[in-house]
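Shown below: start.txt, with compact mmCIF, C-alpha atoms and all ligand atoms.
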```txt
# COMPACT_ATOMS: atom_id res chain seq x y z
CA MET G 878 0.00 0.00 0.00
CA LYS G 879 1.30 3.42 -0.92
CA ILE G 880 -0.45 5.15 1.95
CA LYS G 881 1.46 5.26 5.24
CA LEU G 882 0.17 5.69 8.77
CA PRO G 883 1.22 9.37 9.31
CA GLU G 884 -0.99 10.38 6.39
CA ILE G 885 -3.91 8.38 7.77
CA LEU G 886 -3.47 9.94 11.21
CA LYS G 887 -3.03 13.51 9.92
CA ASN G 888 -4.30 16.08 12.45
CA ALA G 889 -6.09 13.48 14.56
CA GLU G 890 -5.74 13.86 18.31
CA THR G 891 -8.24 11.16 19.24
CA VAL G 892 -8.54 7.87 17.38
CA ALA G 893 -10.93 4.94 17.76
CA ILE G 894 -9.84 1.59 16.33
CA ALA G 895 -12.50 -1.09 15.86
CA GLY G 896 -12.82 -4.49 14.22
CA HIS G 897 -15.72 -6.82 13.60
CA VAL G 898 -18.15 -8.60 15.90
CA ARG G 899 -17.00 -12.02 17.18
CA PRO G 900 -13.37 -10.92 16.70
CA ASP G 901 -11.05 -13.50 15.12
CA GLY G 902 -7.24 -13.67 15.08
CA ASP G 903 -6.79 -11.22 12.21
CA CYS G 904 -9.26 -8.76 13.68
CA VAL G 905 -7.57 -8.76 17.09
CA GLY G 906 -4.04 -8.91 15.64
CA SER G 907 -4.57 -5.95 13.31
CA CYS G 908 -6.40 -3.78 15.88
CA VAL G 909 -3.97 -4.48 18.73
CA GLY G 910 -0.86 -4.29 16.52
CA LEU G 911 -1.91 -0.90 15.19
CA TYR G 912 -2.90 0.31 18.65
CA LEU G 913 0.49 -0.62 20.17
CA TYR G 914 2.31 1.07 17.28
CA ILE G 915 0.33 4.31 17.61
CA LYS G 916 0.91 4.34 21.37
CA LYS G 917 4.64 3.92 20.88
CA VAL G 918 5.31 6.10 17.84
CA PHE G 919 2.60 8.75 18.29
CA PRO G 920 2.25 9.00 22.10
CA GLU G 921 0.53 12.38 21.77
CA ILE G 922 -2.48 10.70 20.15
CA GLN G 923 -5.19 9.29 22.39
CA ALA G 924 -6.10 5.94 20.86
CA ASP G 925 -8.81 3.54 22.04
CA VAL G 926 -9.57 0.03 20.75
CA TYR G 927 -13.16 -1.24 20.69
CA LEU G 928 -13.76 -4.97 20.33
CA GLU G 929 -16.22 -7.52 21.67
CA GLU G 930 -14.83 -10.09 24.14
CA ILE G 931 -11.81 -11.85 22.65
CA PRO G 932 -10.74 -15.49 23.07
CA GLU G 933 -8.76 -16.12 26.24
CA SER G 934 -5.85 -17.51 24.20
CA PHE G 935 -5.28 -14.09 22.55
CA CYS G 936 -4.87 -12.34 25.91
CA PHE G 937 -1.09 -12.91 26.00
CA LEU G 938 -0.81 -10.06 23.47
CA LYS G 939 0.28 -6.81 25.02
CA GLY G 940 -2.48 -4.21 25.08
CA THR G 941 -5.39 -6.66 25.08
CA ASP G 942 -6.15 -5.67 28.71
CA GLU G 943 -6.76 -2.12 27.45
CA ILE G 944 -9.39 -3.12 24.89
CA ARG G 945 -12.74 -1.41 25.51
CA HIS G 946 -15.68 -3.77 25.39
CA SER G 947 -18.39 -1.22 26.11
CA CYS G 948 -19.53 1.56 23.79
CA GLU G 949 -21.75 3.27 26.35
CA GLN G 950 -19.67 6.41 26.71
CA ASP G 951 -20.70 9.22 24.32
CA LYS G 952 -17.58 10.36 22.51
CA SER G 953 -16.80 11.91 19.16
CA TYR G 954 -13.40 10.89 17.81
CA ASP G 955 -11.32 12.85 15.31
CA LEU G 956 -10.69 9.63 13.44
CA PHE G 957 -12.37 6.21 13.36
CA LEU G 958 -10.33 3.34 11.95
CA ALA G 959 -12.43 0.35 10.86
CA LEU G 960 -10.28 -2.77 10.45
CA ASP G 961 -11.10 -6.19 8.95
CA SER G 962 -14.81 -5.27 8.66
CA GLY G 963 -16.55 -5.69 5.32
CA ASP G 964 -19.59 -3.52 6.16
CA THR G 965 -20.79 -1.21 8.91
CA GLY G 966 -23.08 -3.92 10.32
CA ARG G 967 -19.96 -5.94 11.18
CA LEU G 968 -18.73 -3.13 13.46
CA GLY G 969 -21.39 -4.02 16.02
CA GLU G 970 -21.98 -1.40 18.72
CA ALA G 971 -18.84 0.55 17.78
CA VAL G 972 -20.71 1.79 14.69
CA LYS G 973 -21.89 4.58 17.00
CA TYR G 974 -18.35 6.06 17.02
CA PHE G 975 -18.08 5.52 13.25
CA ASP G 976 -21.24 7.61 12.80
CA THR G 977 -20.02 10.47 14.98
CA ALA G 978 -16.32 10.60 14.01
CA LYS G 979 -14.95 13.58 12.10
CA ARG G 980 -13.10 11.29 9.67
CA THR G 981 -13.47 7.59 8.94
CA VAL G 982 -10.92 5.26 7.37
CA CYS G 983 -11.39 1.60 6.51
CA ILE G 984 -8.50 -0.84 6.06
CA ASP G 985 -9.72 -4.25 4.94
CA HIS G 986 -9.27 -7.23 2.63
CA HIS G 987 -12.89 -8.41 2.19
CA ILE G 988 -13.88 -8.58 -1.47
CA SER G 989 -17.46 -7.79 -0.41
CA ASN G 990 -16.37 -4.39 1.02
CA VAL G 991 -18.01 -1.59 -0.96
CA GLY G 992 -15.92 1.19 0.61
CA TYR G 993 -18.30 2.51 3.27
CA ALA G 994 -15.84 4.85 5.02
CA GLY G 995 -14.67 8.33 4.06
CA GLU G 996 -11.33 6.89 2.92
CA ASN G 997 -10.97 3.23 2.02
CA PHE G 998 -7.90 1.05 1.65
CA ILE G 999 -9.27 -2.28 0.52
CA LYS G 1000 -7.05 -4.97 -0.97
CA PRO G 1001 -9.04 -8.16 -1.58
CA ASP G 1002 -5.89 -10.02 -2.62
CA ALA G 1003 -4.12 -9.36 0.69
CA SER G 1004 -3.98 -12.36 3.01
CA SER G 1005 -5.23 -10.42 6.01
CA THR G 1006 -5.82 -6.99 7.46
CA SER G 1007 -2.75 -7.57 9.65
CA GLU G 1008 -0.65 -7.79 6.45
CA LEU G 1009 -2.10 -4.45 5.29
CA ILE G 1010 -1.33 -2.89 8.67
CA TYR G 1011 2.30 -4.04 8.36
CA GLU G 1012 2.46 -2.28 4.98
CA ILE G 1013 1.50 1.12 6.42
CA LEU G 1014 4.04 0.93 9.28
CA GLU G 1015 7.79 1.49 9.34
CA ASP G 1016 9.48 -1.87 9.82
CA ASP G 1017 12.24 -0.64 12.10
CA ARG G 1018 9.74 0.82 14.55
CA ILE G 1019 7.86 -2.45 14.92
CA THR G 1020 8.60 -3.94 18.34
CA GLU G 1021 8.40 -7.60 19.32
CA GLU G 1022 4.96 -7.03 20.91
CA ILE G 1023 3.60 -5.41 17.74
CA ALA G 1024 5.11 -8.21 15.65
CA GLU G 1025 3.40 -10.85 17.80
CA ALA G 1026 -0.01 -9.30 17.14
CA LEU G 1027 0.49 -8.92 13.38
CA TYR G 1028 2.04 -12.37 12.98
CA MET G 1029 -0.90 -13.95 14.79
CA GLY G 1030 -3.35 -12.13 12.50
CA ILE G 1031 -1.58 -13.18 9.31
CA ALA G 1032 -1.15 -16.77 10.47
CA HIS G 1033 -4.82 -17.13 11.41
CA ASP G 1034 -6.31 -15.72 8.20
CA THR G 1035 -4.02 -17.86 6.03
CA GLY G 1036 -4.74 -21.05 8.00
CA VAL G 1037 -1.06 -20.91 8.98
CA PHE G 1038 0.18 -20.01 5.49
CA GLN G 1039 -1.90 -22.70 3.82
CA TYR G 1040 -4.79 -20.96 1.98
CA SER G 1041 -4.50 -19.50 -1.51
CA CYS G 1042 -4.60 -15.96 -0.07
CA THR G 1043 -0.98 -16.56 1.05
CA SER G 1044 1.41 -14.72 -1.31
CA SER G 1045 5.18 -14.52 -1.41
CA ARG G 1046 4.76 -11.03 0.08
CA THR G 1047 2.81 -12.60 2.97
CA MET G 1048 5.74 -14.93 3.63
CA GLN G 1049 8.25 -12.06 3.40
CA ILE G 1050 6.29 -10.05 5.94
CA ALA G 1051 5.92 -13.07 8.24
CA GLY G 1052 9.69 -13.51 7.98
CA ARG G 1053 10.32 -9.88 8.92
CA LEU G 1054 8.03 -10.29 11.91
CA MET G 1055 9.85 -13.49 12.95
CA ASP G 1056 13.10 -11.50 12.80
CA LYS G 1057 11.77 -9.40 15.70
CA GLY G 1058 12.34 -12.42 17.93
CA ILE G 1059 8.75 -13.51 18.48
CA PRO G 1060 7.99 -17.00 19.85
CA PHE G 1061 6.17 -17.94 16.64
CA SER G 1062 5.63 -21.66 17.23
CA ASP G 1063 4.26 -20.94 20.68
CA ILE G 1064 1.88 -18.36 19.24
CA LEU G 1065 0.61 -20.86 16.65
CA ASP G 1066 0.22 -23.65 19.20
CA LYS G 1067 -1.55 -21.57 21.84
CA THR G 1068 -3.81 -19.49 19.58
CA TYR G 1069 -4.44 -21.69 16.56
CA PHE G 1070 -3.79 -25.40 16.96
CA GLU G 1071 -4.60 -26.00 20.60
CA LYS G 1072 -8.32 -26.62 21.21
CA SER G 1073 -10.17 -27.15 24.44
CA TYR G 1074 -11.61 -30.58 25.13
CA LEU G 1075 -15.05 -29.11 24.50
CA GLN G 1076 -14.02 -27.65 21.16
CA HIS G 1077 -12.77 -31.05 20.05
CA GLN G 1078 -15.95 -32.71 21.22
CA ILE G 1079 -18.17 -30.35 19.26
CA LEU G 1080 -15.89 -30.66 16.21
CA GLY G 1081 -16.16 -34.44 16.49
CA ARG G 1082 -19.91 -34.26 16.71
CA ALA G 1083 -20.10 -31.96 13.67
CA LEU G 1084 -17.85 -34.28 11.62
CA LEU G 1085 -19.77 -37.36 12.71
CA GLU G 1086 -23.13 -35.94 11.69
CA SER G 1087 -22.05 -34.32 8.43
CA ILE G 1088 -23.72 -35.28 5.18
CA ARG G 1089 -22.51 -35.03 1.61
CA VAL G 1090 -24.55 -33.85 -1.38
CA MET G 1091 -23.82 -32.96 -5.01
CA ASP G 1092 -21.85 -36.10 -5.69
CA GLY G 1093 -19.75 -35.63 -2.56
CA ARG G 1094 -18.59 -32.20 -3.62
CA CYS G 1095 -20.53 -30.37 -0.92
CA ILE G 1096 -20.41 -31.33 2.76
CA ILE G 1097 -22.88 -29.96 5.31
CA SER G 1098 -23.11 -30.11 9.05
CA GLY G 1099 -25.43 -28.27 11.40
CA LEU G 1100 -25.97 -27.95 15.12
CA ARG G 1101 -29.25 -27.09 16.80
CA LYS G 1102 -29.62 -25.05 19.99
CA ARG G 1103 -30.21 -28.18 22.04
CA ASP G 1104 -26.86 -29.69 20.89
CA ILE G 1105 -25.05 -26.45 21.60
CA SER G 1106 -26.47 -26.18 25.09
CA PHE G 1107 -25.88 -29.90 25.76
CA TYR G 1108 -22.15 -29.39 25.19
CA GLY G 1109 -22.20 -25.86 26.64
CA VAL G 1110 -20.23 -24.36 23.76
CA THR G 1111 -20.09 -20.73 22.61
CA PRO G 1112 -19.87 -19.49 18.99
CA LYS G 1113 -16.10 -19.01 19.41
CA ASP G 1114 -15.76 -22.72 20.24
CA MET G 1115 -17.14 -23.57 16.81
CA ASP G 1116 -14.56 -21.58 14.81
CA GLY G 1117 -12.60 -23.86 12.55
CA ILE G 1118 -15.30 -26.49 12.06
CA SER G 1119 -16.09 -25.40 8.48
CA ALA G 1120 -12.34 -25.38 7.66
CA GLN G 1121 -12.02 -28.94 8.97
CA LEU G 1122 -15.06 -30.11 6.99
CA ARG G 1123 -13.48 -28.61 3.87
CA ASN G 1124 -10.52 -30.95 4.27
CA THR G 1125 -12.69 -33.91 3.31
CA GLU G 1126 -11.50 -35.65 0.16
CA GLY G 1127 -13.56 -34.79 -2.94
CA VAL G 1128 -15.22 -31.79 -1.28
CA GLU G 1129 -15.34 -28.41 -3.01
CA VAL G 1130 -17.65 -26.61 -0.58
CA ALA G 1131 -18.12 -27.06 3.16
CA ILE G 1132 -21.07 -25.58 5.03
CA PHE G 1133 -21.27 -25.42 8.79
CA LEU G 1134 -24.30 -23.84 10.43
CA TYR G 1135 -25.53 -23.46 13.97
CA GLU G 1136 -28.77 -22.15 15.42
CA SER G 1137 -27.95 -18.69 16.77
CA ASP G 1138 -31.54 -17.83 17.70
CA VAL G 1139 -34.99 -19.32 17.26
CA GLN G 1140 -35.27 -20.20 13.56
CA GLU G 1141 -32.03 -18.32 12.86
CA TYR G 1142 -28.77 -19.89 11.67
CA LYS G 1143 -25.24 -18.55 11.48
CA VAL G 1144 -23.72 -20.02 8.33
CA SER G 1145 -20.02 -20.47 7.69
CA MET G 1146 -18.79 -21.59 4.25
CA ARG G 1147 -15.41 -22.63 2.87
CA SER G 1148 -14.46 -23.66 -0.66
CA LYS G 1149 -11.42 -25.29 -2.16
CA SER G 1150 -10.80 -24.17 -5.69
CA PHE G 1151 -13.60 -22.75 -7.81
CA VAL G 1152 -16.83 -21.96 -5.95
CA ASP G 1153 -17.11 -18.31 -4.92
CA VAL G 1154 -18.74 -18.67 -1.50
CA ARG G 1155 -18.68 -14.91 -0.98
CA LYS G 1156 -21.20 -14.65 -3.83
CA VAL G 1157 -23.47 -17.17 -2.08
CA ALA G 1158 -23.09 -15.44 1.30
CA GLN G 1159 -23.78 -12.04 -0.22
CA PHE G 1160 -26.93 -13.36 -1.90
CA PHE G 1161 -28.21 -14.07 1.62
CA GLY G 1162 -27.09 -10.74 3.08
CA GLY G 1163 -23.65 -11.77 4.36
CA GLY G 1164 -20.17 -11.41 2.93
CA GLY G 1165 -16.54 -12.45 3.22
CA HIS G 1166 -13.94 -13.77 0.82
CA VAL G 1167 -14.02 -15.98 -2.28
CA ARG G 1168 -12.94 -19.08 -0.32
CA ALA G 1169 -14.32 -18.21 3.16
CA ALA G 1170 -17.60 -16.43 3.75
CA GLY G 1171 -20.56 -16.30 6.08
CA CYS G 1172 -24.10 -15.08 6.57
CA THR G 1173 -27.05 -15.33 8.94
CA MET G 1174 -30.26 -16.90 7.64
CA GLN G 1175 -33.81 -17.34 8.94
CA GLY G 1176 -35.99 -20.43 8.84
CA SER G 1177 -35.71 -24.10 9.73
CA MET G 1178 -32.40 -25.89 9.27
CA HIS G 1179 -33.97 -27.79 6.40
CA ASP G 1180 -35.00 -24.58 4.60
CA VAL G 1181 -31.66 -22.88 5.20
CA VAL G 1182 -29.71 -25.84 3.81
CA ASN G 1183 -32.07 -26.12 0.83
CA ASN G 1184 -31.67 -22.45 -0.03
CA LEU G 1185 -27.91 -22.56 0.34
CA THR G 1186 -27.36 -25.68 -1.74
CA LYS G 1187 -29.59 -24.29 -4.50
CA GLU G 1188 -27.27 -21.27 -4.80
CA ILE G 1189 -24.11 -23.37 -4.58
CA ALA G 1190 -25.35 -25.80 -7.22
CA LYS G 1191 -25.47 -22.90 -9.72
CA GLN G 1192 -21.68 -22.75 -9.53
CA MET G 1193 -21.07 -26.50 -9.68
CA PRO G 1194 -20.35 -28.07 -13.04
CA GLU G 1195 -22.81 -30.78 -14.18
CA GLU G 1196 -22.79 -33.85 -11.96
CA LYS G 1197 -21.25 -37.02 -13.38
CA ALA G 1198 -23.83 -39.47 -14.69
P1 LIG J 1 -16.65 -17.30 9.35
O1 LIG J 1 -17.16 -18.40 8.49
O2 LIG J 1 -17.64 -16.80 10.33
O3 LIG J 1 -15.30 -17.62 9.91
O4 LIG J 1 -16.40 -16.10 8.34
C1 LIG J 1 -15.69 -16.24 7.15
C2 LIG J 1 -15.50 -14.89 6.52
O5 LIG J 1 -16.74 -14.34 6.12
C3 LIG J 1 -14.87 -13.87 7.47
O6 LIG J 1 -13.92 -13.13 6.77
C4 LIG J 1 -16.01 -13.01 7.90
O7 LIG J 1 -15.58 -11.68 8.06
C5 LIG J 1 -17.01 -13.12 6.77
N1 LIG J 1 -18.38 -13.16 7.30
C6 LIG J 1 -18.88 -14.10 8.12
N2 LIG J 1 -20.18 -13.83 8.45
C7 LIG J 1 -20.50 -12.68 7.81
C8 LIG J 1 -21.69 -11.88 7.76
N3 LIG J 1 -22.81 -12.20 8.39
N4 LIG J 1 -21.62 -10.75 7.01
C9 LIG J 1 -20.50 -10.41 6.35
N5 LIG J 1 -19.36 -11.12 6.36
C10 LIG J 1 -19.34 -12.25 7.08
MN MN J 2 -11.76 -11.36 10.49
MN MN J 3 -9.26 -10.83 8.01
```
So, in terms of C-alpha cells, how does the structure I just supplied come out?
Ligand code: AMP
Ligand code: MN
Ligand code: MN
Amino acid sequence: MKIKLPEILKNAETVAIAGHVRPDGDCVGSCVGLYLYIKKVFPEIQADVYLEEIPESFCFLKGTDEIRHSCEQDKSYDLFLALDSGDTGRLGEAVKYFDTAKRTVCIDHHISNVGYAGENFIKPDASSTSELIYEILEDDRITEEIAEALYMGIAHDTGVFQYSCTSSRTMQIAGRLMDKGIPFSDILDKTYFEKSYLQHQILGRALLESIRVMDGRCIISGLRKRDISFYGVTPKDMDGISAQLRNTEGVEVAIFLYESDVQEYKVSMRSKSFVDVRKVAQFFGGGGHVRAAGCTMQGSMHDVVNNLTKEIAKQMPEEKA
C-alpha cells in the first residue's frame, strides 16, 4: 500500500480503532498491533480500541487488557479506523463512534467491502488486514509485541500459510516479523492449533453428523440449539469447524451452520478451488472472501440448507452421470 500511517493519522488527536463482531485472530491482531504502534510512535495521540470479548488464548498479546468492550460512553473521535470489517453492520456497537467521528478510514481485505468509510484502503488479494497494517508501518519501529499481534493475525487468516490468499509477500512479511524475535511456534500452538476438550468434542460431533450432497462435492453439518447447550459451547468454540469439513476428500464446498436464535442460523462456508462462496453469502445478506464467507439466515435448518445448496449448485459443473 502506498499510503502510510502518518498520512492516515493527519491532524487526529483522538482515534478509535475497531474491528468486527465475534473478533477473530486477524481482527484482534490488526487492531492491537496498530494500537500498540500508535501508542509507541505517536504517544501524543489518544487511541482507544473497541472490540467484543476476545478469546482467552489471545490475551497474552500486550495491550489486550486495554481493549474497551463497552460503547456506552458518548464520545466523538477525530478519526475512526475500521479494520477487517466488510460492512458497517460488522462493526457491532462501535458503529456509534463511526457515525459520529470527524473522519473515517477503513482498512480491509474483504472482497465484499463496498468502501463505506470516508477513505478506504481495501485490498481483496491481501492475506489479512494484519498484512495491510504491516504495509502502512515502518518496519524498524515495529517492536516484538507489535510483531506478535500482526504475525498472529496473518497466520490465522491464512490457515497458517496454507490458503490460496498466502502470497510470497505474505511470507516475506511473516519472515520480517519473525526477525523481531517472536515466539512464533508458541503463538501458533496456543492461539491456533490447541483446542479445548469441549471444542474437540463439538468438532467431532459436527464431523460425525455431516452429510454429503452434489456427488460428494458439498459437505454440510449443522448444530441445533439443544446440541449447543448440551455441550455448553459458545460461537467461538465452533470456529474452525467449516475449515475442517473442507478438508474432506472430494469436497469443493463445506457448510457449517448453527442455530444462533430461534429459527435463525449462522452459516459459515469454505471452498477449495472454484466456488465463490462470498457470492453465495452475499446473496443471503452476508459477505466475506471468495474461499471463506458467512451469513445469517432465517428459517428451519432444512430450509436454510435447501436455499444454500440451490445457490451453490449454480456454480457446480454438471454432476457425473
Ligand atoms: P466465518 O465463516 O464466520 O469464519 O467467516 C468467514 C469470513 O466471512 C470472514 O472473513 C467473515 O468476516 C465473513 N463473514 C462471516 N459472516 C459474515 C456476515 N454475516 N456478514 C459479512 N461477512 C461475514
Ligand atoms: Mn476477520
Ligand atoms: Mn481478516
7 Å contact set for stretch 1125-1134 of chain G, only C-alpha atoms, chain neighbours under 6 positions out, as a ChimeraX atom specification = /G:1093-1100,1118-1119,1142-1150
query = Could you list as a list in words every residue that has an atom within 8 Å of (-9.2, -2.2, 7.8), using the file's coordinates and counting all atoms listed in the file?
reply =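 The residues that fall inside the cut-off are Gly896, Leu958, Ala959, Leu960, Asp961, Ser962, Val982, Cys983, Ile984, Asp985, His986, Phe998, Ile999, Thr1006, Leu1009 and Ile1010 of chain G.
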Could you give me, as a tab-separated table, a per-residue list for chain G showing, wherever an atom lies at most 12 Å from an atom of ligand MN 3 (chain J), the closest pair of atoms and their distance in Å to one decimal, using all atoms listed in the file and sorting by chain then residue number from low to high?
```
residue	atom	partner	partner_atom	distance
G:Gly896	CA	J:MN3	MN	9.6
G:His897	CA	J:MN3	MN	9.4
G:Pro900	CA	J:MN3	MN	9.6
G:Asp901	CA	J:MN3	MN	7.8
G:Gly902	CA	J:MN3	MN	7.9
G:Asp903	CA	J:MN3	MN	4.9
G:Cys904	CA	J:MN3	MN	6.0
G:Val905	CA	J:MN3	MN	9.5
G:Gly906	CA	J:MN3	MN	9.4
G:Ser907	CA	J:MN3	MN	8.6
G:Cys908	CA	J:MN3	MN	10.9
G:Ala959	CA	J:MN3	MN	12.0
G:Leu960	CA	J:MN3	MN	8.5
G:Asp961	CA	J:MN3	MN	5.1
G:Ser962	CA	J:MN3	MN	7.9
G:Gly963	CA	J:MN3	MN	9.3
G:Ile984	CA	J:MN3	MN	10.2
G:Asp985	CA	J:MN3	MN	7.3
G:His986	CA	J:MN3	MN	6.5
G:His987	CA	J:MN3	MN	7.3
G:Ile988	CA	J:MN3	MN	10.8
G:Asn990	CA	J:MN3	MN	11.9
G:Ile999	CA	J:MN3	MN	11.4
G:Lys1000	CA	J:MN3	MN	10.9
G:Pro1001	CA	J:MN3	MN	10.0
G:Asp1002	CA	J:MN3	MN	11.2
G:Ala1003	CA	J:MN3	MN	9.1
G:Ser1004	CA	J:MN3	MN	7.4
G:Ser1005	CA	J:MN3	MN	4.5
G:Thr1006	CA	J:MN3	MN	5.2
G:Ser1007	CA	J:MN3	MN	7.5
G:Glu1008	CA	J:MN3	MN	9.3
G:Leu1009	CA	J:MN3	MN	10.0
G:Ile1010	CA	J:MN3	MN	11.2
G:Leu1027	CA	J:MN3	MN	11.3
G:Met1029	CA	J:MN3	MN	11.2
G:Gly1030	CA	J:MN3	MN	7.5
G:Ile1031	CA	J:MN3	MN	8.1
G:Ala1032	CA	J:MN3	MN	10.3
G:His1033	CA	J:MN3	MN	8.4
G:Asp1034	CA	J:MN3	MN	5.7
G:Thr1035	CA	J:MN3	MN	9.0
G:Gly1036	CA	J:MN3	MN	11.2
G:Cys1042	CA	J:MN3	MN	10.6
G:Gly1165	CA	J:MN3	MN	8.9
G:His1166	CA	J:MN3	MN	9.1
G:Ala1169	CA	J:MN3	MN	10.2
G:Ala1170	CA	J:MN3	MN	10.9
```
message = Report, in Å with one decimal, the straight-line distance from atom N2 of ligand LIG 1 (chain J) to atom CA of G:Gly1164.
response = 6.0 Å
Contact residues around G:Ile1023 with all atoms listed in the file at 9 Å, ignoring same-chain residues under 5 positions, as a list in words =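 What passes the distance filter is Gly906, Val909, Gly910, Leu911, Tyr912, Leu913, Tyr914, Leu938, Lys939, Tyr1028 and Leu1054 of chain G.
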message = Can you measure atom CA of G:Glu890 to atom CA of G:Val991 for me? One decimal in Å is fine.
response =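 Between these atoms lies a distance of 27.6 Å.
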task = Take the point (-21.0, -24.4, 22.9) in the file's coordinates, draw a sphere of radius 12 Å around it, and report as a PyMOL selection string every protein, DNA or RNA residue with an atom inside or on it, counting all atoms listed in the file.
result = chain G and resi 1073-1080+1082-1083+1100-1116+1135-1137
query = Using all atoms listed in the file, which of G:Asp1180, G:Asp942, G:Asp951, G:Glu996 sits nearest G:Thr977?
reply = G:Asp951
request  = Check the smallest atom-to-atom distance from each of G:Ala1190, G:Glu1086, G:Glu1022, G:Gly966 to ligand LIG 1 (chain J) using only C-alpha atoms and all ligand atoms, then report the winner.
outcome  =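 That would be G:Gly966, the residue with the smallest distance to ligand LIG 1 (chain J).
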message = Would you compute the distance between atom CA of G:Tyr993 and atom CA of G:Glu921? Give it in Å to one decimal.
response =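 Value for the atom CA of G:Tyr993-atom CA of G:Glu921 distance: 28.2 Å.
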note = Using only C-alpha atoms and all ligand atoms, the shortest atom-to-atom distance to ligand LIG 1 (chain J) among G:Val1152, G:Val1157, G:Ala1051, G:Ala978 belongs to G:Val1157
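Among G:Val1182, G:Met1055, G:Leu968, G:Val1090, the residue with the shortest atom-to-atom distance to ligand LIG 1 (chain J), counting all atoms listed in the file, is G:Leu968.
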task = Counting only C-alpha atoms and all ligand atoms, figure out which residue out of G:Asp925, G:Glu933, G:Glu1195, G:Glu1141 gets nearest to ligand LIG 1 (chain J).
result =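 Residue with the minimum atom-to-atom distance to ligand LIG 1 (chain J): G:Glu1141.
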Nearest candidate to ligand LIG 1 (chain J) (options G:Val1139, G:Val898, G:Val918, G:Met1178; using all atoms listed in the file) =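 Checking each candidate against ligand LIG 1 (chain J), we get G:Val898 as the closest.
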Fix up stretch 916-928 of chain G with N, CA, C and O atoms, then write it as a CSV table (one decimal), keeping the file's coordinate frame.
```
chain,number,residue,atom,x,y,z
G,916,LYS,N,0.5,4.0,20.0
G,916,LYS,CA,0.9,4.3,21.4
G,916,LYS,C,2.4,4.6,21.5
G,916,LYS,O,2.9,5.5,22.2
G,917,LYS,N,3.2,3.8,20.8
G,917,LYS,CA,4.6,3.9,20.9
G,917,LYS,C,5.2,5.1,20.0
G,917,LYS,O,6.0,5.9,20.5
G,918,VAL,N,4.7,5.2,18.8
G,918,VAL,CA,5.3,6.1,17.8
G,918,VAL,C,4.6,7.5,17.9
G,918,VAL,O,5.2,8.5,17.6
G,919,PHE,N,3.3,7.5,18.2
G,919,PHE,CA,2.6,8.8,18.3
G,919,PHE,C,2.0,8.9,19.7
G,919,PHE,O,0.7,8.9,19.8
G,920,PRO,N,2.8,9.0,20.7
G,920,PRO,CA,2.2,9.0,22.1
G,920,PRO,C,1.3,10.2,22.4
G,920,PRO,O,0.5,10.1,23.3
G,921,GLU,N,1.4,11.2,21.6
G,921,GLU,CA,0.5,12.4,21.8
G,921,GLU,C,-0.9,12.1,21.4
G,921,GLU,O,-1.8,12.8,21.7
G,922,ILE,N,-1.1,11.0,20.6
G,922,ILE,CA,-2.5,10.7,20.2
G,922,ILE,C,-3.2,9.8,21.2
G,922,ILE,O,-2.6,8.9,21.7
G,923,GLN,N,-4.4,10.1,21.5
G,923,GLN,CA,-5.2,9.3,22.4
G,923,GLN,C,-6.0,8.2,21.6
G,923,GLN,O,-6.9,8.6,20.8
G,924,ALA,N,-5.5,7.0,21.7
G,924,ALA,CA,-6.1,5.9,20.9
G,924,ALA,C,-6.8,5.0,21.8
G,924,ALA,O,-6.4,4.6,22.8
G,925,ASP,N,-8.0,4.5,21.3
G,925,ASP,CA,-8.8,3.5,22.0
G,925,ASP,C,-9.2,2.4,21.1
G,925,ASP,O,-9.5,2.7,19.9
G,926,VAL,N,-9.2,1.2,21.6
G,926,VAL,CA,-9.6,0.0,20.8
G,926,VAL,C,-10.9,-0.5,21.3
G,926,VAL,O,-11.1,-0.7,22.4
G,927,TYR,N,-11.9,-0.7,20.3
G,927,TYR,CA,-13.2,-1.2,20.7
G,927,TYR,C,-13.3,-2.6,20.0
G,927,TYR,O,-13.3,-2.7,18.8
G,928,LEU,N,-13.5,-3.6,20.9
G,928,LEU,CA,-13.8,-5.0,20.3
G,928,LEU,C,-14.7,-5.7,21.3
G,928,LEU,O,-14.6,-5.4,22.5
```
